[in-house]
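Below is run18.txt, holding compact mmCIF, C-alpha atoms.
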# COMPACT_ATOMS: atom_id res chain seq x y z
CA MET A 501 8.68 -12.18 -39.13
CA ARG A 502 9.93 -8.62 -39.50
CA ARG A 503 6.61 -7.26 -38.26
CA LEU A 504 6.73 -9.54 -35.23
CA VAL A 505 10.25 -8.41 -34.32
CA PHE A 506 9.29 -4.76 -34.87
CA GLY A 507 6.19 -5.24 -32.71
CA LEU A 508 8.21 -6.82 -29.92
CA ILE A 509 10.70 -3.95 -30.05
CA LEU A 510 7.87 -1.40 -29.81
CA VAL A 511 6.27 -3.23 -26.88
CA SER A 512 9.64 -3.42 -25.12
CA ILE A 513 10.29 0.29 -25.63
CA ALA A 514 6.79 1.16 -24.38
CA TRP A 515 7.31 -1.05 -21.31
CA LEU A 516 10.68 0.58 -20.53
CA VAL A 517 9.25 4.08 -20.92
CA GLY A 518 6.34 3.09 -18.68
CA LEU A 519 8.71 1.64 -16.06
CA ALA A 520 10.73 4.87 -16.05
CA ALA A 521 7.54 6.93 -15.64
CA PHE A 522 6.33 4.61 -12.88
CA ILE A 523 9.59 5.00 -10.94
CA THR A 524 9.81 8.78 -11.36
CA THR A 525 6.21 9.30 -10.21
CA LEU A 526 6.40 7.10 -7.11
CA PRO A 527 5.31 9.07 -4.03
CA ARG A 528 7.97 10.11 -1.56
CA ALA A 529 7.87 8.69 1.94
CA GLY A 530 5.43 10.65 4.09
CA HIS A 531 6.52 13.10 6.75
CA GLY A 532 4.15 14.38 9.38
CA ALA A 533 0.54 13.46 9.96
CA PRO A 534 -2.08 13.62 7.21
CA ALA A 535 -5.43 15.32 7.74
CA GLN A 536 -7.72 13.80 10.36
CA SER A 537 -9.33 10.57 9.16
CA ASP A 538 -11.62 7.90 10.54
CA ALA A 539 -9.00 5.17 10.35
CA VAL A 540 -5.47 4.17 9.42
CA VAL A 541 -4.99 0.98 7.40
CA VAL A 542 -1.58 -0.65 7.05
CA TYR A 543 -0.84 -3.17 4.30
CA THR A 544 1.97 -5.22 5.79
CA GLY A 545 5.16 -6.19 4.02
CA GLY A 546 8.85 -6.78 4.64
CA GLY A 547 10.05 -5.39 7.95
CA GLY A 548 8.08 -3.42 10.51
CA ALA A 549 8.43 0.10 9.08
CA ARG A 550 4.88 0.14 7.71
CA ILE A 551 3.40 -1.06 11.00
CA THR A 552 5.44 1.44 12.99
CA ALA A 553 4.33 4.29 10.72
CA GLY A 554 0.67 3.30 11.09
CA MET A 555 0.97 3.03 14.86
CA THR A 556 2.62 6.44 15.02
CA LEU A 557 -0.25 8.00 13.06
CA LEU A 558 -2.81 6.48 15.45
CA ALA A 559 -0.83 7.48 18.55
CA ASP A 560 -0.50 11.04 17.17
CA GLY A 561 -4.28 11.31 16.76
CA ALA A 562 -4.55 11.12 12.95
CA ALA A 563 -7.43 8.64 13.28
CA GLU A 564 -9.62 6.78 15.75
CA ARG A 565 -8.76 3.19 14.74
CA LEU A 566 -5.99 1.22 13.08
CA LEU A 567 -6.15 -1.95 10.98
CA ILE A 568 -2.95 -3.86 10.30
CA SER A 569 -3.89 -6.07 7.36
CA GLY A 570 -2.05 -9.18 6.25
CA VAL A 571 -0.48 -10.06 9.58
CA ASN A 572 1.58 -13.25 9.47
CA PRO A 573 -0.45 -16.14 10.99
CA ASP A 574 2.46 -16.90 13.34
CA THR A 575 2.43 -13.34 14.71
CA THR A 576 0.42 -12.83 17.88
CA ARG A 577 -1.21 -9.68 19.19
CA ASP A 578 1.46 -9.61 21.92
CA ASN A 579 4.18 -9.65 19.23
CA VAL A 580 2.64 -6.62 17.56
CA ALA A 581 2.13 -4.88 20.92
CA GLU A 582 5.91 -4.90 21.38
CA LEU A 583 6.15 -2.34 18.54
CA TRP A 584 3.60 -0.04 20.19
CA THR A 585 5.00 3.02 21.97
CA GLY A 586 1.73 4.80 22.75
CA ALA A 587 -0.67 4.43 25.64
CA PRO A 588 -1.47 0.72 26.27
CA GLU A 589 -5.21 1.40 26.48
CA LEU A 590 -5.18 2.92 22.96
CA PHE A 591 -3.60 -0.24 21.57
CA GLU A 592 -6.12 -2.44 23.38
CA CYS A 593 -9.18 -0.53 22.23
CA CYS A 594 -8.29 0.67 18.79
CA VAL A 595 -5.73 -1.55 17.01
CA ASP A 596 -7.20 -4.39 14.96
CA LEU A 597 -5.17 -7.14 13.34
CA GLY A 598 -6.17 -8.87 10.13
CA TRP A 599 -4.67 -12.31 9.54
CA GLU A 600 -6.58 -13.23 6.36
CA ALA A 601 -4.84 -11.27 3.58
CA ARG A 602 -1.93 -12.85 1.71
CA SER A 603 -1.73 -10.38 -1.18
CA THR A 604 -2.53 -6.78 -2.07
CA ILE A 605 -5.90 -7.91 -3.41
CA GLY A 606 -6.47 -9.68 -0.10
CA ASN A 607 -5.43 -6.54 1.81
CA ALA A 608 -7.93 -4.45 -0.14
CA GLY A 609 -10.74 -6.93 0.54
CA GLU A 610 -9.88 -7.19 4.23
CA ALA A 611 -9.67 -3.39 4.52
CA ALA A 612 -13.02 -2.94 2.74
CA ARG A 613 -14.83 -5.33 5.10
CA TRP A 614 -13.19 -3.69 8.12
CA ALA A 615 -13.98 -0.15 6.91
CA LYS A 616 -17.62 -1.11 6.36
CA LYS A 617 -17.85 -2.70 9.82
CA HIS A 618 -16.42 0.42 11.48
CA LYS A 619 -18.27 2.88 9.19
CA ALA A 620 -14.97 4.44 8.08
CA THR A 621 -15.40 6.77 5.11
CA ARG A 622 -11.95 8.40 5.26
CA ILE A 623 -8.84 6.28 5.69
CA VAL A 624 -5.11 6.82 5.58
CA LEU A 625 -3.45 3.99 3.68
CA VAL A 626 0.07 3.10 4.83
CA THR A 627 2.38 0.99 2.68
CA SER A 628 5.79 1.29 1.02
CA GLU A 629 6.22 4.01 -1.59
CA TYR A 630 6.87 1.56 -4.43
CA HIS A 631 3.76 -0.45 -3.47
CA MET A 632 1.44 2.55 -3.05
CA PRO A 633 0.22 2.91 -6.68
CA ARG A 634 -0.96 -0.71 -6.84
CA ALA A 635 -2.34 -0.61 -3.27
CA LEU A 636 -4.40 2.46 -4.17
CA ALA A 637 -5.64 0.89 -7.41
CA GLU A 638 -6.80 -2.29 -5.66
CA SER A 639 -8.25 -0.39 -2.68
CA ARG A 640 -10.27 1.98 -4.84
CA ILE A 641 -11.89 -1.03 -6.54
CA THR A 642 -13.04 -2.53 -3.21
CA MET A 643 -13.76 0.81 -1.47
CA PRO A 644 -15.14 3.14 -4.16
CA ASN A 645 -17.00 5.30 -1.63
CA VAL A 646 -14.11 5.69 0.81
CA GLU A 647 -11.75 8.65 0.65
CA ILE A 648 -8.23 7.19 0.70
CA THR A 649 -5.21 9.31 1.61
CA PRO A 650 -1.84 7.69 0.85
CA HIS A 651 0.91 7.72 3.47
CA PRO A 652 3.95 6.11 1.80
CA VAL A 653 6.79 4.63 3.82
CA ALA A 654 10.40 4.38 2.60
CA SER A 655 11.28 0.88 1.40
CA GLY A 656 15.01 1.31 0.87
CA TYR A 657 14.63 0.49 -2.82
CA LEU A 658 14.93 4.16 -3.79
CA ASP A 659 17.87 6.43 -3.06
CA GLY A 660 17.61 10.06 -1.94
CA ASP A 661 16.96 11.18 -5.52
CA GLY A 662 14.12 8.72 -6.01
CA LYS A 663 16.16 6.40 -8.24
CA PRO A 664 16.56 2.62 -7.77
CA ALA A 665 19.27 2.05 -5.17
CA SER A 666 20.61 -1.26 -6.54
CA VAL A 667 20.19 -3.99 -9.13
CA LEU A 668 17.89 -5.79 -6.69
CA ALA A 669 15.84 -2.58 -6.43
CA TRP A 670 15.51 -2.44 -10.24
CA GLU A 671 14.25 -6.03 -10.24
CA LYS A 672 11.78 -5.37 -7.42
CA LEU A 673 10.46 -2.19 -9.05
CA ALA A 674 10.13 -3.86 -12.47
CA GLY A 675 8.13 -6.68 -10.90
CA GLU A 676 5.95 -4.20 -9.04
CA TYR A 677 5.39 -2.23 -12.25
CA ASN A 678 4.08 -5.38 -13.97
CA LYS A 679 1.71 -6.02 -11.06
CA PHE A 680 0.61 -2.37 -11.16
CA LEU A 681 -0.23 -2.67 -14.86
CA LEU A 682 -2.45 -5.66 -14.10
CA ALA A 683 -4.15 -3.80 -11.24
CA LYS A 684 -4.81 -0.75 -13.43
CA THR A 685 -6.25 -2.95 -16.17
CA LYS A 686 -8.52 -4.61 -13.61
CA ALA A 687 -9.56 -1.17 -12.28
CA LEU A 688 -10.50 -0.02 -15.79
CA PHE A 689 -12.74 -3.04 -16.27
CA ALA A 690 -14.29 -2.52 -12.82
CA PHE A 691 -14.96 1.15 -13.68
CA ALA A 692 -16.52 0.19 -17.02
CA GLN A 693 -18.89 -2.22 -15.30
CA ASN A 694 -20.14 0.43 -12.85
Go ahead and render the structure in this file as structure tokens.
Amino acid sequence: MRRLVFGLILVSIAWLVGLAAFITTLPRAGHGAPAQSDAVVVYTGGGGARITAGMTLLADGAAERLLISGVNPDTTRDNVAELWTGAPELFECCVDLGWEARSTIGNAGEAARWAKKHKATRIVLVTSEYHMPRALAESRITMPNVEITPHPVASGYLDGDGKPASVLAWEKLAGEYNKFLLAKTKALFAFAQN
């Protein structure tokens, strides 16, 4: 019994240390355009900040095409067009919406199929800063031959010093850390099989 309790304490300490490392190494929200790429891919999530950031990158010439992955089935192309501030013809020709994905794994699969279809070998990945580590892990499994540049967007969960902004933020980040651990484990097995 003592060994079990000691083991649980060690696992808990390791998890807490890992959570602290995860939070302190989260990327800061991106400022300015990344290097020129073939495409911008947005993994959607709460609010429209991610979509707006992706649209801004496309409108500023950071890439030739934009995929917004994981669009809510009730959202129409016209709804998304309301967020667009660039030239209308650029939206019409070069913004693609993906309605299939319902998870980060789904986003990565949808993005991989889209990247292959459009022969994109360099993409800018846009998602929230706390979600970026897991999004990269999943995306690198499905797109091993694509160069992926992260472009993190502020979620509001981190304050100006990069620390959790509230109790809710701690809960969200702890949950994301658990999901990240699973994604990294999956990535290790995928790497071992290749």
Open item on the list: Using all atoms listed in the file and a cutoff of 8 Å, can you tell me which residues are near (-3.8, 3.4, 14.2) in the file's coordinates, and write them out as a list in words?
Closed with: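 Looking at atoms near the point gives Ala539, Val540, Val541, Gly554, Met555, Thr556, Leu557, Leu558, Ala559, Ala562, Ala563, Glu564, Arg565, Leu566, Leu567, Cys594 and Val595 of chain A.
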Open item on the list: Using only C-alpha atoms for the distances, tell me which of A:Arg634, A:His651, A:His618, A:Arg528 is nearest to A:Val542.
Closed with: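 Nearest candidate to A:Val542 out of A:Arg634, A:His651, A:His618, A:Arg528: A:His651.
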Considering only C-alpha atoms, return as an mmCIF file with C-alpha atoms, keeping the file's coordinate frame whatever protein or nucleic-acid residues lie within 12 Å of A:Thr576, sequence-local ones (same chain, fewer than 3 positions apart) excluded.
data_model
loop_
_atom_site.group_PDB
_atom_site.id
_atom_site.type_symbol
_atom_site.label_atom_id
_atom_site.label_comp_id
_atom_site.auth_asym_id
_atom_site.auth_seq_id
_atom_site.Cartn_x
_atom_site.Cartn_y
_atom_site.Cartn_z
ATOM 1 C CA VAL A 571 -0.480 -10.060 9.580
ATOM 2 C CA ASN A 572 1.580 -13.250 9.470
ATOM 3 C CA PRO A 573 -0.450 -16.140 10.990
ATOM 4 C CA ASN A 579 4.180 -9.650 19.230
ATOM 5 C CA VAL A 580 2.640 -6.620 17.560
ATOM 6 C CA ALA A 581 2.130 -4.880 20.920
ATOM 7 C CA GLU A 582 5.910 -4.900 21.380
ATOM 8 C CA LEU A 583 6.150 -2.340 18.540
ATOM 9 C CA ASP A 596 -7.200 -4.390 14.960
ATOM 10 C CA LEU A 597 -5.170 -7.140 13.340
ATOM 11 C CA GLY A 598 -6.170 -8.870 10.130
ATOM 12 C CA TRP A 599 -4.670 -12.310 9.540
#
Task: Nearest candidate to A:Leu526 (options A:Asp538, A:Glu600, A:Asp578, A:Glu676; using all atoms listed in the file) - done: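 Among A:Asp538, A:Glu600, A:Asp578, A:Glu676, it is A:Glu676 that comes nearest to A:Leu526.
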Task: Selected residue of minimal separation from A:Thr525 among A:Pro633, A:Gly586, A:Gly606, A:Gly548, counting all atoms listed in the file - done: A:Pro633
Task: Between atom CA of A:Ala601 and atom CA of A:Trp614, distance in Å (one decimal) - done: 12.2 Å
Task: d(atom CA of A:Thr604, atom CA of A:Ser666) in Å - done: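 Taking atom CA of A:Thr604 as the start and atom CA of A:Ser666 as the end point, the length is 24.2 Å.
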Task: Nearest-residue call for A:Arg622, choices A:Ile551, A:Ile605, A:Ala535, A:Leu636, using only C-alpha atoms - done: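 Using only C-alpha atoms, the shortest distance to A:Arg622 belongs to A:Ala535.
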TODO: Quick one: everything within 12 Å of A:Gly518, counting all atoms listed in the file, minus sequence neighbours fewer than 6 positions away in the same chain. Send it as number ranges by chain.
DONE: A: 511-512, 524-525, 673-674, 677-678, 680-681
Task: Among listed residues A:Leu668, A:Ile568, A:Leu682, A:Ile513, nearest A:Glu610 (using all atoms listed in the file) - done: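 Comparing A:Leu668, A:Ile568, A:Leu682, A:Ile513 against A:Glu610, the winner is A:Ile568.
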Please put the answer as AutoDock Vina command-line options: centre and edge lengths, in Å with one decimal, of a box along x, y and z that encloses all listed atoms of stretch 587-601 of chain A plus 5 Å on each side.
--center_x -4.9 --center_y -4.4 --center_z 15.0 --size_x 18.5 --size_y 27.7 --size_z 32.9
- [ ] Kindly give the distance, in Å, that separates atom CA of A:Gly545 and atom CA of A:Ser655, rounded to a single decimal.
- [x]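 It comes out at 9.7 Å.
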Task: Nearest to A:Leu658, chosen from A:Thr585, A:Ser569, A:Ser628, A:Asn607, with only C-alpha atoms counted in the distances - done: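 Checking each candidate against A:Leu658, we get A:Ser628 as the closest.
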Open item on the list: Just want the 6 Å neighbourhood of A:Glu629, counted on all atoms listed in the file, with same-chain residues fewer than 4 positions away dropped. Output as a ChimeraX atom specification.
Closed with: /A:527,652-654
Generate the coordinates of N, CA and C atoms for stretch 610-646 of chain A; report them as a short mmCIF file (atom, residue, chain, number, x, y, z; two decimals), in the frame of the given file.
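The resulting part-v2.cif:
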data_model
loop_
_atom_site.label_atom_id
_atom_site.label_comp_id
_atom_site.auth_asym_id
_atom_site.auth_seq_id
_atom_site.Cartn_x
_atom_site.Cartn_y
_atom_site.Cartn_z
N GLU A 610 -9.83 -7.21 2.76
CA GLU A 610 -9.88 -7.19 4.23
C GLU A 610 -10.15 -5.78 4.72
N ALA A 611 -9.49 -4.79 4.12
CA ALA A 611 -9.67 -3.39 4.52
C ALA A 611 -11.10 -2.92 4.23
N ALA A 612 -11.66 -3.35 3.10
CA ALA A 612 -13.02 -2.94 2.74
C ALA A 612 -14.04 -3.48 3.75
N ARG A 613 -13.90 -4.75 4.11
CA ARG A 613 -14.83 -5.33 5.10
C ARG A 613 -14.70 -4.62 6.45
N TRP A 614 -13.45 -4.35 6.85
CA TRP A 614 -13.19 -3.69 8.12
C TRP A 614 -13.74 -2.26 8.12
N ALA A 615 -13.50 -1.53 7.01
CA ALA A 615 -13.98 -0.15 6.91
C ALA A 615 -15.51 -0.11 6.98
N LYS A 616 -16.15 -1.06 6.32
CA LYS A 616 -17.62 -1.11 6.36
C LYS A 616 -18.11 -1.39 7.78
N LYS A 617 -17.47 -2.34 8.45
CA LYS A 617 -17.85 -2.70 9.82
C LYS A 617 -17.72 -1.51 10.76
N HIS A 618 -16.67 -0.71 10.58
CA HIS A 618 -16.42 0.42 11.48
C HIS A 618 -16.92 1.75 10.92
N LYS A 619 -17.67 1.69 9.81
CA LYS A 619 -18.27 2.88 9.19
C LYS A 619 -17.22 3.96 8.89
N ALA A 620 -16.06 3.51 8.43
CA ALA A 620 -14.97 4.44 8.08
C ALA A 620 -15.15 4.90 6.64
N THR A 621 -15.24 6.20 6.46
CA THR A 621 -15.40 6.77 5.11
C THR A 621 -14.16 7.52 4.66
N ARG A 622 -13.22 7.73 5.59
CA ARG A 622 -11.95 8.40 5.26
C ARG A 622 -10.83 7.60 5.92
N ILE A 623 -9.95 7.03 5.11
CA ILE A 623 -8.84 6.28 5.69
C ILE A 623 -7.50 6.79 5.17
N VAL A 624 -6.49 6.59 5.98
CA VAL A 624 -5.11 6.82 5.58
C VAL A 624 -4.52 5.45 5.29
N LEU A 625 -4.02 5.27 4.09
CA LEU A 625 -3.45 3.99 3.68
C LEU A 625 -1.93 4.06 3.81
N VAL A 626 -1.37 3.14 4.59
CA VAL A 626 0.07 3.10 4.83
C VAL A 626 0.65 1.85 4.16
N THR A 627 1.61 2.07 3.28
CA THR A 627 2.38 0.99 2.68
C THR A 627 3.66 1.61 2.12
N SER A 628 4.53 0.79 1.57
CA SER A 628 5.79 1.29 1.02
C SER A 628 5.52 2.14 -0.22
N GLU A 629 6.42 3.09 -0.48
CA GLU A 629 6.22 4.01 -1.59
C GLU A 629 6.11 3.30 -2.93
N TYR A 630 6.91 2.26 -3.14
CA TYR A 630 6.87 1.56 -4.43
C TYR A 630 5.59 0.74 -4.59
N HIS A 631 4.97 0.37 -3.48
CA HIS A 631 3.76 -0.45 -3.47
C HIS A 631 2.49 0.40 -3.50
N MET A 632 2.61 1.69 -3.20
CA MET A 632 1.44 2.55 -3.05
C MET A 632 0.57 2.64 -4.30
N PRO A 633 1.12 2.81 -5.52
CA PRO A 633 0.22 2.91 -6.68
C PRO A 633 -0.69 1.69 -6.84
N ARG A 634 -0.15 0.50 -6.69
CA ARG A 634 -0.96 -0.71 -6.84
C ARG A 634 -1.93 -0.85 -5.66
N ALA A 635 -1.46 -0.54 -4.45
CA ALA A 635 -2.34 -0.61 -3.27
C ALA A 635 -3.53 0.32 -3.43
N LEU A 636 -3.30 1.52 -3.95
CA LEU A 636 -4.40 2.46 -4.17
C LEU A 636 -5.35 1.94 -5.24
N ALA A 637 -4.79 1.41 -6.33
CA ALA A 637 -5.64 0.89 -7.41
C ALA A 637 -6.56 -0.21 -6.90
N GLU A 638 -5.99 -1.18 -6.18
CA GLU A 638 -6.80 -2.29 -5.66
C GLU A 638 -7.80 -1.80 -4.61
N SER A 639 -7.38 -0.87 -3.76
CA SER A 639 -8.25 -0.39 -2.68
C SER A 639 -9.42 0.42 -3.21
N ARG A 640 -9.18 1.17 -4.27
CA ARG A 640 -10.27 1.98 -4.84
C ARG A 640 -11.31 1.11 -5.55
N ILE A 641 -10.92 -0.09 -5.96
CA ILE A 641 -11.89 -1.03 -6.54
C ILE A 641 -12.82 -1.54 -5.43
N THR A 642 -12.24 -1.93 -4.29
CA THR A 642 -13.04 -2.53 -3.21
C THR A 642 -13.71 -1.48 -2.32
N MET A 643 -13.19 -0.24 -2.33
CA MET A 643 -13.76 0.81 -1.47
C MET A 643 -14.03 2.07 -2.29
N PRO A 644 -14.92 1.99 -3.28
CA PRO A 644 -15.14 3.14 -4.16
C PRO A 644 -15.72 4.37 -3.47
N ASN A 645 -16.37 4.18 -2.33
CA ASN A 645 -17.00 5.30 -1.63
C ASN A 645 -16.20 5.78 -0.42
N VAL A 646 -14.96 5.30 -0.31
CA VAL A 646 -14.11 5.69 0.81
C VAL A 646 -13.02 6.63 0.29
#
